[in-house]
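Source file coords_3.txt; content: compact mmCIF, C-alpha atoms.
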# COMPACT_ATOMS: atom_id res chain seq x y z
CA MET A 238 -43.66 6.80 21.49
CA HIS A 239 -43.52 3.07 20.88
CA ILE A 240 -41.99 2.40 17.47
CA VAL A 241 -41.56 -0.87 15.58
CA VAL A 242 -38.72 -1.11 13.06
CA ILE A 243 -38.76 -4.02 10.60
CA GLY A 244 -35.34 -4.82 9.14
CA CYS A 245 -32.07 -4.39 11.00
CA GLY A 246 -29.68 -3.72 8.12
CA ARG A 247 -27.64 -0.53 7.99
CA VAL A 248 -30.69 1.72 7.73
CA GLY A 249 -32.82 -0.17 10.24
CA ALA A 250 -30.07 -0.45 12.85
CA ARG A 251 -29.21 3.22 12.59
CA LEU A 252 -32.84 4.28 12.67
CA ALA A 253 -33.57 2.08 15.70
CA SER A 254 -30.51 3.41 17.51
CA LEU A 255 -31.45 7.04 16.78
CA LEU A 256 -35.03 6.50 17.96
CA SER A 257 -33.88 4.75 21.09
CA ARG A 258 -31.42 7.54 21.81
CA SER A 259 -34.17 10.15 21.48
CA GLY A 260 -36.11 8.40 24.23
CA HIS A 261 -38.64 6.27 22.36
CA THR A 262 -39.28 2.62 23.11
CA VAL A 263 -38.18 0.66 20.07
CA ALA A 264 -38.77 -2.94 18.97
CA VAL A 265 -36.64 -4.18 16.06
CA ILE A 266 -37.57 -7.20 13.95
CA ASP A 267 -35.19 -9.07 11.65
CA LYS A 268 -35.26 -12.60 10.34
CA ASN A 269 -31.53 -12.94 10.98
CA PRO A 270 -30.69 -12.58 14.70
CA ALA A 271 -27.05 -11.79 13.83
CA ALA A 272 -28.32 -8.51 12.32
CA PHE A 273 -29.00 -7.17 15.82
CA GLU A 274 -25.24 -6.88 16.31
CA ARG A 275 -25.45 -3.75 14.13
CA LEU A 276 -27.37 -1.94 16.88
CA GLU A 277 -25.27 0.36 19.01
CA ARG A 278 -24.29 -1.05 22.38
CA SER A 279 -26.45 1.40 24.30
CA PHE A 280 -29.59 0.41 22.34
CA GLY A 281 -32.34 0.23 24.94
CA GLY A 282 -35.09 -1.41 22.89
CA THR A 283 -36.11 -5.00 22.29
CA THR A 284 -35.10 -7.31 19.43
CA HIS A 285 -37.33 -9.95 17.84
CA ALA A 286 -36.09 -12.63 15.47
CA GLY A 287 -38.66 -13.40 12.80
CA VAL A 288 -40.26 -12.11 9.63
CA GLY A 289 -42.06 -8.78 9.57
CA ILE A 290 -45.35 -10.17 8.28
CA ASP A 291 -45.69 -12.77 11.02
CA ARG A 292 -48.58 -11.77 13.25
CA LYS A 293 -47.07 -13.41 16.33
CA VAL A 294 -43.73 -11.66 15.91
CA LEU A 295 -45.45 -8.32 15.28
CA GLN A 296 -47.57 -8.71 18.39
CA GLU A 297 -44.53 -9.65 20.43
CA ALA A 298 -42.93 -6.43 19.18
CA GLY A 299 -45.95 -4.52 20.49
CA ILE A 300 -47.55 -3.55 17.18
CA ASP A 301 -50.95 -3.31 18.93
CA ARG A 302 -49.77 -0.32 20.92
CA ALA A 303 -47.31 1.09 18.35
CA ASP A 304 -47.49 4.80 17.56
CA ALA A 305 -45.37 4.34 14.47
CA LEU A 306 -43.78 1.66 12.32
CA ALA A 307 -40.99 1.74 9.76
CA THR A 308 -40.29 -1.13 7.42
CA VAL A 309 -36.79 -0.90 5.97
CA THR A 310 -35.74 -4.41 4.93
CA ASN A 311 -33.90 -4.79 1.63
CA GLY A 312 -37.01 -6.33 0.01
CA ASP A 313 -39.50 -3.94 -1.58
CA ASN A 314 -42.26 -6.55 -1.50
CA THR A 315 -41.73 -7.40 2.15
CA ASN A 316 -41.71 -3.70 3.02
CA PHE A 317 -44.91 -3.05 1.13
CA VAL A 318 -46.80 -6.03 2.59
CA ALA A 319 -45.60 -5.28 6.12
CA ALA A 320 -46.54 -1.61 5.79
CA SER A 321 -49.97 -2.36 4.36
CA LEU A 322 -50.81 -4.80 7.15
CA ALA A 323 -49.60 -2.32 9.77
CA VAL A 324 -51.97 0.29 8.31
CA GLU A 325 -54.97 -1.91 7.53
CA ASP A 326 -54.91 -4.61 10.19
CA PHE A 327 -53.20 -2.96 13.12
CA HIS A 328 -54.17 0.67 12.44
CA VAL A 329 -50.73 1.99 13.31
CA PRO A 330 -51.07 5.79 12.96
CA ARG A 331 -47.75 6.43 11.19
CA VAL A 332 -46.22 3.93 8.82
CA VAL A 333 -43.29 4.46 6.48
CA ALA A 334 -41.91 1.93 3.99
CA ARG A 335 -38.57 2.05 2.26
CA ILE A 336 -39.00 1.13 -1.40
CA ALA A 337 -35.93 1.06 -3.64
CA ASP A 338 -37.73 1.10 -6.99
CA PRO A 339 -39.00 4.66 -7.60
CA MET A 340 -41.93 3.56 -9.76
CA ARG A 341 -43.16 1.07 -7.18
CA ALA A 342 -42.70 3.66 -4.47
CA GLU A 343 -45.01 5.92 -6.43
CA ILE A 344 -47.66 3.21 -6.94
CA TYR A 345 -47.53 1.98 -3.36
CA SER A 346 -47.96 5.49 -2.08
CA ARG A 347 -51.14 5.69 -4.18
CA LEU A 348 -52.27 2.54 -2.36
CA GLY A 349 -52.05 4.36 0.95
CA VAL A 350 -48.55 3.55 2.19
CA THR A 351 -46.08 6.36 2.83
CA THR A 352 -42.94 5.43 0.96
CA ILE A 353 -39.37 6.65 0.90
CA SER A 354 -37.55 5.75 -2.24
CA THR A 355 -33.91 5.74 -1.23
CA THR A 356 -32.96 5.58 -4.89
CA THR A 357 -34.94 8.69 -5.81
CA TRP A 358 -33.90 10.54 -2.72
CA ALA A 359 -30.18 9.78 -2.91
CA SER A 360 -29.91 10.36 -6.65
CA ALA A 361 -31.76 13.67 -6.42
CA ARG A 362 -29.54 14.79 -3.57
CA ILE A 363 -26.36 13.76 -5.38
CA HIS A 364 -27.60 15.42 -8.56
CA ASP A 365 -28.17 18.65 -6.67
CA LEU A 366 -24.74 18.51 -5.11
CA LEU A 367 -23.08 17.84 -8.46
CA VAL A 368 -24.93 20.37 -10.56
CA SER A 369 -24.96 23.53 -8.52
CA PRO A 370 -25.83 26.24 -7.97
CA ARG A 371 -29.36 25.26 -7.15
CA LEU A 372 -31.57 26.04 -4.23
CA HIS A 373 -31.89 23.05 -1.89
CA ASN A 374 -34.89 23.47 0.33
CA LEU A 375 -33.72 22.65 3.86
CA LEU A 376 -36.72 23.71 5.88
CA SER A 377 -40.17 25.23 5.70
CA VAL A 378 -41.11 27.42 8.62
CA GLY A 379 -44.61 28.31 9.81
CA SER A 380 -46.96 26.89 7.15
CA ALA A 381 -44.31 27.56 4.50
CA GLY A 382 -44.30 31.29 5.27
CA VAL A 383 -40.51 31.21 5.32
CA GLN A 384 -38.30 28.87 3.28
CA VAL A 385 -34.75 28.06 4.27
CA TYR A 386 -32.42 27.06 1.44
CA GLU A 387 -28.88 25.90 1.00
CA VAL A 388 -27.06 27.06 -2.10
CA GLU A 389 -23.48 27.27 -3.29
CA VAL A 390 -22.40 30.85 -3.75
CA PRO A 391 -22.79 31.71 -7.44
CA PRO A 392 -19.73 33.15 -9.23
CA LEU A 393 -21.43 36.53 -9.60
CA LEU A 394 -21.53 36.99 -5.81
CA VAL A 395 -17.95 35.95 -5.05
CA GLY A 396 -16.13 38.94 -3.60
CA ARG A 397 -19.41 40.74 -2.76
CA ASN A 398 -20.60 40.74 0.81
CA VAL A 399 -23.55 39.49 2.80
CA ALA A 400 -25.20 42.92 2.69
CA ASP A 401 -25.57 42.46 -1.09
CA LEU A 402 -27.72 39.38 -0.43
CA THR A 403 -29.83 40.91 2.31
CA VAL A 404 -33.28 42.46 2.05
CA PRO A 405 -34.70 43.42 5.45
CA ALA A 406 -37.67 41.21 6.40
CA GLU A 407 -37.37 39.31 3.08
CA VAL A 408 -33.98 37.67 2.56
CA LEU A 409 -31.39 36.79 5.22
CA VAL A 410 -28.09 34.89 5.03
CA VAL A 411 -28.25 32.72 8.14
CA ALA A 412 -24.99 30.77 7.90
CA ILE A 413 -22.05 30.02 5.63
CA THR A 414 -20.10 26.78 5.33
CA ARG A 415 -16.53 27.45 4.20
CA SER A 416 -13.96 24.66 3.84
CA GLY A 417 -16.24 22.36 5.82
CA ARG A 418 -16.80 24.72 8.76
CA GLY A 419 -20.00 26.61 9.36
CA PHE A 420 -20.24 30.13 10.81
CA ILE A 421 -22.78 32.94 11.18
CA PRO A 422 -21.73 35.87 8.99
CA VAL A 423 -22.00 39.60 9.58
CA GLN A 424 -23.22 42.04 6.95
CA ALA A 425 -19.64 42.85 5.91
CA SER A 426 -18.54 39.20 5.45
CA ALA A 427 -17.34 38.67 1.88
CA PHE A 428 -18.34 35.57 -0.08
CA GLN A 429 -15.52 33.29 -1.19
CA PRO A 430 -15.57 30.67 -3.96
CA HIS A 431 -17.32 27.43 -2.92
CA ASP A 432 -19.01 28.96 0.12
CA ARG A 433 -22.26 27.15 0.86
CA LEU A 434 -24.90 29.57 2.05
CA VAL A 435 -27.95 28.93 4.20
CA VAL A 436 -30.47 31.57 3.23
CA ALA A 437 -33.91 32.23 4.70
CA ALA A 438 -36.48 33.89 2.45
CA ASP A 439 -40.04 35.03 2.88
CA ALA A 440 -42.37 32.92 0.72
CA GLY A 441 -43.23 36.03 -1.29
CA SER A 442 -39.59 36.88 -1.97
CA ILE A 443 -38.31 33.66 -3.47
CA ALA A 444 -38.30 35.03 -7.02
CA LYS A 445 -36.33 38.02 -5.74
CA LEU A 446 -33.81 35.71 -4.05
CA ARG A 447 -33.41 33.66 -7.25
CA GLY A 448 -32.83 36.87 -9.14
CA MET A 449 -30.16 38.04 -6.70
CA LEU A 450 -28.41 34.66 -7.02
CA GLY A 451 -28.65 34.77 -10.81
CA LEU A 452 -30.67 31.54 -10.93
CA PRO A 453 -33.25 30.79 -13.60
CA ASP A 454 -36.91 30.91 -12.45
CA MET B 165 -67.50 -21.10 -22.92
CA ARG B 166 -65.77 -17.95 -24.05
CA PRO B 167 -61.98 -18.10 -23.89
CA LEU B 168 -60.50 -16.31 -20.91
CA ARG B 169 -57.37 -14.21 -20.85
CA VAL B 170 -55.34 -15.52 -17.95
CA LEU B 171 -52.13 -14.08 -16.54
CA ILE B 172 -50.13 -16.42 -14.34
CA VAL B 173 -47.30 -15.06 -12.24
CA GLY B 174 -44.83 -17.79 -11.31
CA GLY B 175 -43.59 -20.27 -13.89
CA GLY B 176 -42.68 -23.13 -11.55
CA LYS B 177 -44.35 -26.55 -11.69
CA LEU B 178 -47.73 -25.29 -10.52
CA GLY B 179 -47.75 -22.30 -12.88
CA ARG B 180 -46.65 -24.39 -15.84
CA GLU B 181 -49.14 -27.18 -15.27
CA SER B 182 -52.00 -24.71 -14.79
CA ALA B 183 -50.97 -22.88 -17.95
CA ARG B 184 -50.72 -26.10 -19.95
CA ARG B 185 -54.24 -27.16 -18.98
CA LEU B 186 -55.72 -23.73 -19.67
CA VAL B 187 -54.06 -23.53 -23.09
CA ALA B 188 -55.35 -27.03 -23.90
CA ALA B 189 -58.85 -25.84 -22.97
CA GLY B 190 -58.54 -22.99 -25.45
CA HIS B 191 -57.81 -20.08 -23.13
CA GLN B 192 -55.25 -17.34 -23.74
CA VAL B 193 -52.49 -17.66 -21.20
CA THR B 194 -49.38 -15.65 -20.36
CA VAL B 195 -46.90 -16.79 -17.72
CA VAL B 196 -44.57 -14.29 -16.04
CA GLU B 197 -41.43 -15.69 -14.45
CA LYS B 198 -38.44 -13.78 -13.12
CA ASP B 199 -35.87 -16.57 -12.79
CA PRO B 200 -34.14 -17.03 -16.18
CA ALA B 201 -33.70 -20.82 -15.85
CA THR B 202 -37.29 -21.36 -14.72
CA ALA B 203 -38.53 -19.05 -17.47
CA GLN B 204 -36.50 -21.08 -19.98
CA ALA B 205 -38.04 -24.34 -18.77
CA ALA B 206 -41.51 -22.80 -18.91
CA ALA B 207 -40.87 -21.43 -22.39
CA SER B 208 -39.86 -24.83 -23.76
CA ALA B 209 -43.09 -26.31 -22.42
CA LEU B 210 -45.36 -23.41 -23.35
CA SER B 211 -43.56 -21.78 -26.31
CA ASP B 212 -44.71 -18.20 -26.81
CA HIS B 213 -46.79 -17.85 -23.68
CA VAL B 214 -43.92 -16.88 -21.35
CA THR B 215 -42.75 -13.37 -20.42
CA ARG B 216 -39.53 -13.11 -18.46
CA GLY B 217 -39.58 -10.51 -15.71
CA ASP B 218 -40.50 -9.75 -12.12
CA GLY B 219 -44.29 -10.02 -11.79
CA CYS B 220 -44.19 -7.64 -8.83
CA ASP B 221 -43.06 -4.90 -11.18
CA PRO B 222 -46.06 -3.04 -12.65
CA ARG B 223 -44.15 -2.41 -15.90
CA VAL B 224 -43.64 -6.15 -16.41
CA LEU B 225 -47.32 -6.84 -15.70
CA GLU B 226 -48.29 -4.20 -18.24
CA ARG B 227 -45.99 -5.70 -20.84
CA ALA B 228 -47.52 -9.12 -20.17
CA GLY B 229 -50.96 -7.67 -20.95
CA ILE B 230 -52.51 -7.45 -17.48
CA ALA B 231 -54.80 -4.67 -18.70
CA GLN B 232 -56.67 -7.22 -20.85
CA ALA B 233 -56.63 -10.11 -18.35
CA ASN B 234 -59.88 -11.53 -16.97
CA VAL B 235 -58.05 -13.61 -14.39
CA VAL B 236 -54.72 -13.21 -12.62
CA ALA B 237 -53.21 -16.10 -10.68
CA ALA B 238 -50.28 -15.37 -8.35
CA LEU B 239 -48.60 -18.75 -8.01
CA THR B 240 -45.02 -17.97 -6.97
CA GLY B 241 -43.35 -19.69 -4.05
CA ASP B 242 -43.13 -16.41 -2.15
CA ASP B 243 -46.12 -15.14 -0.19
CA GLU B 244 -45.05 -11.50 -0.22
CA ASP B 245 -44.67 -11.62 -3.99
CA ASN B 246 -48.11 -13.20 -4.39
CA LEU B 247 -49.66 -10.52 -2.17
CA VAL B 248 -48.02 -7.73 -4.13
CA VAL B 249 -49.18 -9.24 -7.44
CA ALA B 250 -52.76 -9.56 -6.13
CA GLU B 251 -52.84 -6.04 -4.79
CA LEU B 252 -51.46 -4.58 -8.03
CA ALA B 253 -53.83 -6.69 -10.16
CA ARG B 254 -56.92 -5.58 -8.27
CA ARG B 255 -56.16 -2.06 -7.15
CA VAL B 256 -53.93 -0.74 -9.92
CA PHE B 257 -55.14 -2.71 -12.95
CA GLY B 258 -58.73 -3.51 -11.89
CA VAL B 259 -58.60 -7.22 -12.74
CA GLU B 260 -61.95 -9.00 -12.10
CA HIS B 261 -60.72 -12.29 -10.64
CA VAL B 262 -57.57 -12.74 -8.62
CA LEU B 263 -56.31 -16.06 -7.27
CA ALA B 264 -53.29 -16.39 -5.01
CA ARG B 265 -51.25 -19.25 -3.68
CA VAL B 266 -50.45 -19.36 0.02
CA ASN B 267 -47.10 -21.02 0.68
CA ASN B 268 -46.81 -20.67 4.44
CA PRO B 269 -50.11 -21.46 6.22
CA ASP B 270 -49.17 -18.87 8.89
CA ASN B 271 -49.60 -16.19 6.23
CA GLU B 272 -53.09 -17.25 5.21
CA TRP B 273 -54.72 -14.44 7.21
CA LEU B 274 -53.09 -11.87 4.93
CA PHE B 275 -54.79 -13.16 1.79
CA THR B 276 -57.99 -11.15 2.01
CA ARG B 277 -60.38 -9.58 -0.44
CA GLN B 278 -59.24 -6.21 0.87
CA ARG B 279 -55.77 -7.04 -0.47
CA GLY B 280 -57.22 -8.00 -3.82
CA VAL B 281 -57.42 -11.78 -3.31
CA ASP B 282 -60.72 -13.41 -4.33
CA LEU B 283 -59.54 -16.95 -3.78
CA ALA B 284 -56.54 -18.04 -1.72
CA PHE B 285 -55.41 -21.61 -1.74
CA ASN B 286 -52.65 -23.42 0.03
CA PRO B 287 -51.41 -26.48 -1.91
CA ALA B 288 -50.05 -28.11 1.24
CA GLY B 289 -53.38 -27.55 2.98
CA LEU B 290 -55.33 -28.98 0.02
CA VAL B 291 -53.25 -32.14 0.00
CA SER B 292 -53.51 -32.63 3.72
CA SER B 293 -57.29 -32.13 3.75
CA LEU B 294 -57.59 -34.72 0.94
CA LEU B 295 -55.50 -37.07 3.05
CA GLU B 296 -57.67 -36.42 6.07
CA GLN B 297 -60.80 -37.23 4.05
CA GLU B 298 -59.23 -40.46 2.81
CA VAL B 299 -58.20 -41.47 6.30
CA ALA B 300 -61.64 -40.63 7.67
CA ARG B 301 -63.29 -42.70 4.93
CA ASP B 302 -61.02 -45.64 5.61
CA ALA B 303 -61.77 -45.38 9.30
CA THR B 304 -65.53 -45.35 8.80
CA GLY B 305 -65.56 -47.71 5.80
Serialized structure, structure tokens:
Amino acid sequence: MHIVVIGCGRVGARLASLLSRSGHTVAVIDKNPAAFERLERSFGGTTHAGVGIDRKVLQEAGIDRADALATVTNGDNTNFVAASLAVEDFHVPRVVARIADPMRAEIYSRLGVTTISTTTWASARIHDLLVSPRLHNLLSVGSAGVQVYEVEVPPLLVGRNVADLTVPAEVLVVAITRSGRGFIPVQASAFQPHDRLVVAADAGSIAKLRGMLGLPD
Amino acid sequence: MRPLRVLIVGGGKLGRESARRLVAAGHQVTVVEKDPATAQAAASALSDHVTRGDGCDPRVLERAGIAQANVVAALTGDDEDNLVVAELARRVFGVEHVLARVNNPDNEWLFTRQRGVDLAFNPAGLVSSLLEQEVARDATG
């Protein structure tokens, strides 16, 4: 795919490098040419100095043939305007804007721009990590038929083993992270304090899983 | 003429002068300005018509009474800000008339009705077209 990234700060540079590494053609725009030094040395895309709402710069970056565009500058207004022109004027099929302010992110998404609020996302993630145990949804498989969660082992399961958290065809402990290292357990593996479990559950068995973990509904 | 409720975003020289004239003509005007010093200067000229805050923030616009405004004028020195104000005014708050200032002529193409702008004007462009007219008149006269 051809992807345009507007903003080459920490997020933009990392995103552009990741996309380039996974084989996409990437064009990065930033008003400050020195920002391109943040790109990894092997970055194979193009860099364009200029502002992300300048038609000439956008065309140079190949917006006319772009399959996707991300706008991740540190300015919410710039990101919103750039995203809305990518959608409305250049008909880029996939457009994502980073918006720091959660309320604006919500409003802009009602105006037709897909937004990521880094503030909302990071604070929710940190909240979840601080106040466990809670189910963190990692993955939805096959039209949400199976959900994969990460959860810290609750005190009531410490000392019990994986078999106690297994229901054939309904609930399966896929992996355990213990002291920073992940492994795939066997039925007889015993849970230790602070284990982080990756658990797959059938969509119809989530209440059962919550019950087994002693979590409120 | 019935008094209009006008919300001006941007309390610099242009915003202040526009507000002053509208108030003198009997209209209800509120100016929103985010820079504290500029807001202070605007407040001393316009007393109670100034709200300090970022006009691109929907909460600030609400506090400034955008829901009752007949006209919103986005007059900041930043084109992205003016576009965001216009889009919020039209599409979120349903304001009838939206005016926006274009600072960089290269951005003029962005100021469309689709983005909520009924009338876009570029002060630099206005001055230079006046000059052109003067020069043309001198040349023919």
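For the residues A:His328, A:Gly379, A:Ile344, A:Arg292, ranking by smallest atom-to-atom distance to Trp273 of chain B using only C-alpha atoms places A:Arg292 first.
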Counting only C-alpha atoms, which residues in chain B sit no more than 12 Å from chain A? For each one, give the nearest pair of atoms and the distance in Å, sorted by chain then residue number, as a tab-separated table.
residue	atom	partner	partner_atom	distance
B:Asp218	CA	A:Asn314	CA	11.2
B:Gly219	CA	A:Asn314	CA	11.0
B:Cys220	CA	A:Asn314	CA	7.7
B:Asp221	CA	A:Arg341	CA	7.2
B:Pro222	CA	A:Arg341	CA	7.4
B:Arg223	CA	A:Met340	CA	8.8
B:Val224	CA	A:Arg341	CA	11.7
B:Asp242	CA	A:Asn314	CA	9.9
B:Asp243	CA	A:Thr315	CA	9.2
B:Glu244	CA	A:Thr315	CA	5.8
B:Asp245	CA	A:Asn314	CA	6.1
B:Asn246	CA	A:Asn314	CA	9.3
B:Leu247	CA	A:Val318	CA	7.1
B:Val248	CA	A:Asn314	CA	6.4
B:Val249	CA	A:Asn314	CA	9.5
B:Ala250	CA	A:Val318	CA	11.1
B:Glu251	CA	A:Leu348	CA	8.9
B:Leu252	CA	A:Ile344	CA	8.7
B:Arg254	CA	A:Leu348	CA	11.1
B:Arg255	CA	A:Leu348	CA	7.7
B:Val256	CA	A:Ile344	CA	8.0
B:Phe257	CA	A:Ile344	CA	11.3
B:Asn268	CA	A:Asp291	CA	10.3
B:Pro269	CA	A:Asp291	CA	10.9
B:Asp270	CA	A:Asp291	CA	7.3
B:Asn271	CA	A:Asp291	CA	7.1
B:Glu272	CA	A:Asp291	CA	10.4
B:Trp273	CA	A:Arg292	CA	9.0
B:Leu274	CA	A:Leu322	CA	7.8
B:Phe275	CA	A:Leu322	CA	10.7
B:Thr276	CA	A:Leu322	CA	10.9
B:Gln278	CA	A:Glu325	CA	9.0
B:Arg279	CA	A:Ser321	CA	8.9
B:Gly280	CA	A:Leu348	CA	11.7
Can you list, as a tab-separated table (two decimals) with C-alpha atoms, keeping the file's coordinate frame, every protein, DNA or RNA residue that comes within 9 Å of segment 195-212 of chain B when you count all atoms listed in the file, leaving out same-chain residues fewer than 5 positions away?
chain	number	residue	atom	x	y	z
B	170	VAL	CA	-55.34	-15.52	-17.95
B	171	LEU	CA	-52.13	-14.08	-16.54
B	172	ILE	CA	-50.13	-16.42	-14.34
B	173	VAL	CA	-47.30	-15.06	-12.24
B	174	GLY	CA	-44.83	-17.79	-11.31
B	175	GLY	CA	-43.59	-20.27	-13.89
B	176	GLY	CA	-42.68	-23.13	-11.55
B	177	LYS	CA	-44.35	-26.55	-11.69
B	179	GLY	CA	-47.75	-22.30	-12.88
B	180	ARG	CA	-46.65	-24.39	-15.84
B	183	ALA	CA	-50.97	-22.88	-17.95
B	184	ARG	CA	-50.72	-26.10	-19.95
B	187	VAL	CA	-54.06	-23.53	-23.09
B	217	GLY	CA	-39.58	-10.51	-15.71
B	218	ASP	CA	-40.50	-9.75	-12.12
B	219	GLY	CA	-44.29	-10.02	-11.79
B	224	VAL	CA	-43.64	-6.15	-16.41
B	225	LEU	CA	-47.32	-6.84	-15.70
B	228	ALA	CA	-47.52	-9.12	-20.17
B	240	THR	CA	-45.02	-17.97	-6.97
Name all residues at most 9 Å from segment 405-415 of chain A (count only C-alpha atoms; drop same-chain ones fewer than 6 positions away) and give them as a PDB file with C-alpha atoms, in the frame of the given file.
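What landed in result_15.pdb:
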ATOM      1  CA  VAL A 383     -40.510  31.210   5.320  1.00  0.00           C
ATOM      2  CA  VAL A 385     -34.750  28.060   4.270  1.00  0.00           C
ATOM      3  CA  VAL A 399     -23.550  39.490   2.800  1.00  0.00           C
ATOM      4  CA  ILE A 421     -22.780  32.940  11.180  1.00  0.00           C
ATOM      5  CA  PRO A 422     -21.730  35.870   8.990  1.00  0.00           C
ATOM      6  CA  VAL A 423     -22.000  39.600   9.580  1.00  0.00           C
ATOM      7  CA  GLN A 424     -23.220  42.040   6.950  1.00  0.00           C
ATOM      8  CA  PHE A 428     -18.340  35.570  -0.080  1.00  0.00           C
ATOM      9  CA  GLN A 429     -15.520  33.290  -1.190  1.00  0.00           C
ATOM     10  CA  PRO A 430     -15.570  30.670  -3.960  1.00  0.00           C
ATOM     11  CA  HIS A 431     -17.320  27.430  -2.920  1.00  0.00           C
ATOM     12  CA  ASP A 432     -19.010  28.960   0.120  1.00  0.00           C
ATOM     13  CA  ARG A 433     -22.260  27.150   0.860  1.00  0.00           C
ATOM     14  CA  LEU A 434     -24.900  29.570   2.050  1.00  0.00           C
ATOM     15  CA  VAL A 435     -27.950  28.930   4.200  1.00  0.00           C
ATOM     16  CA  VAL A 436     -30.470  31.570   3.230  1.00  0.00           C
ATOM     17  CA  ALA A 437     -33.910  32.230   4.700  1.00  0.00           C
ATOM     18  CA  ALA A 438     -36.480  33.890   2.450  1.00  0.00           C
ATOM     19  CA  ASP A 439     -40.040  35.030   2.880  1.00  0.00           C
ATOM     20  CA  ALA A 440     -42.370  32.920   0.720  1.00  0.00           C
ATOM     21  CA  GLY A 441     -43.230  36.030  -1.290  1.00  0.00           C
ATOM     22  CA  SER A 442     -39.590  36.880  -1.970  1.00  0.00           C
ATOM     23  CA  ILE A 443     -38.310  33.660  -3.470  1.00  0.00           C
ATOM     24  CA  LYS A 445     -36.330  38.020  -5.740  1.00  0.00           C
ATOM     25  CA  LEU A 446     -33.810  35.710  -4.050  1.00  0.00           C
TER      26      LEU A 446
END
A straight line from atom CA of Val309 of chain A to atom CA of Ser259 of chain A spans 19.2 Å
Can you work out the spacing between atom CA of Arg166 of chain B and atom CA of Leu239 of chain B in Å, to one decimal?
-> 23.5 Å
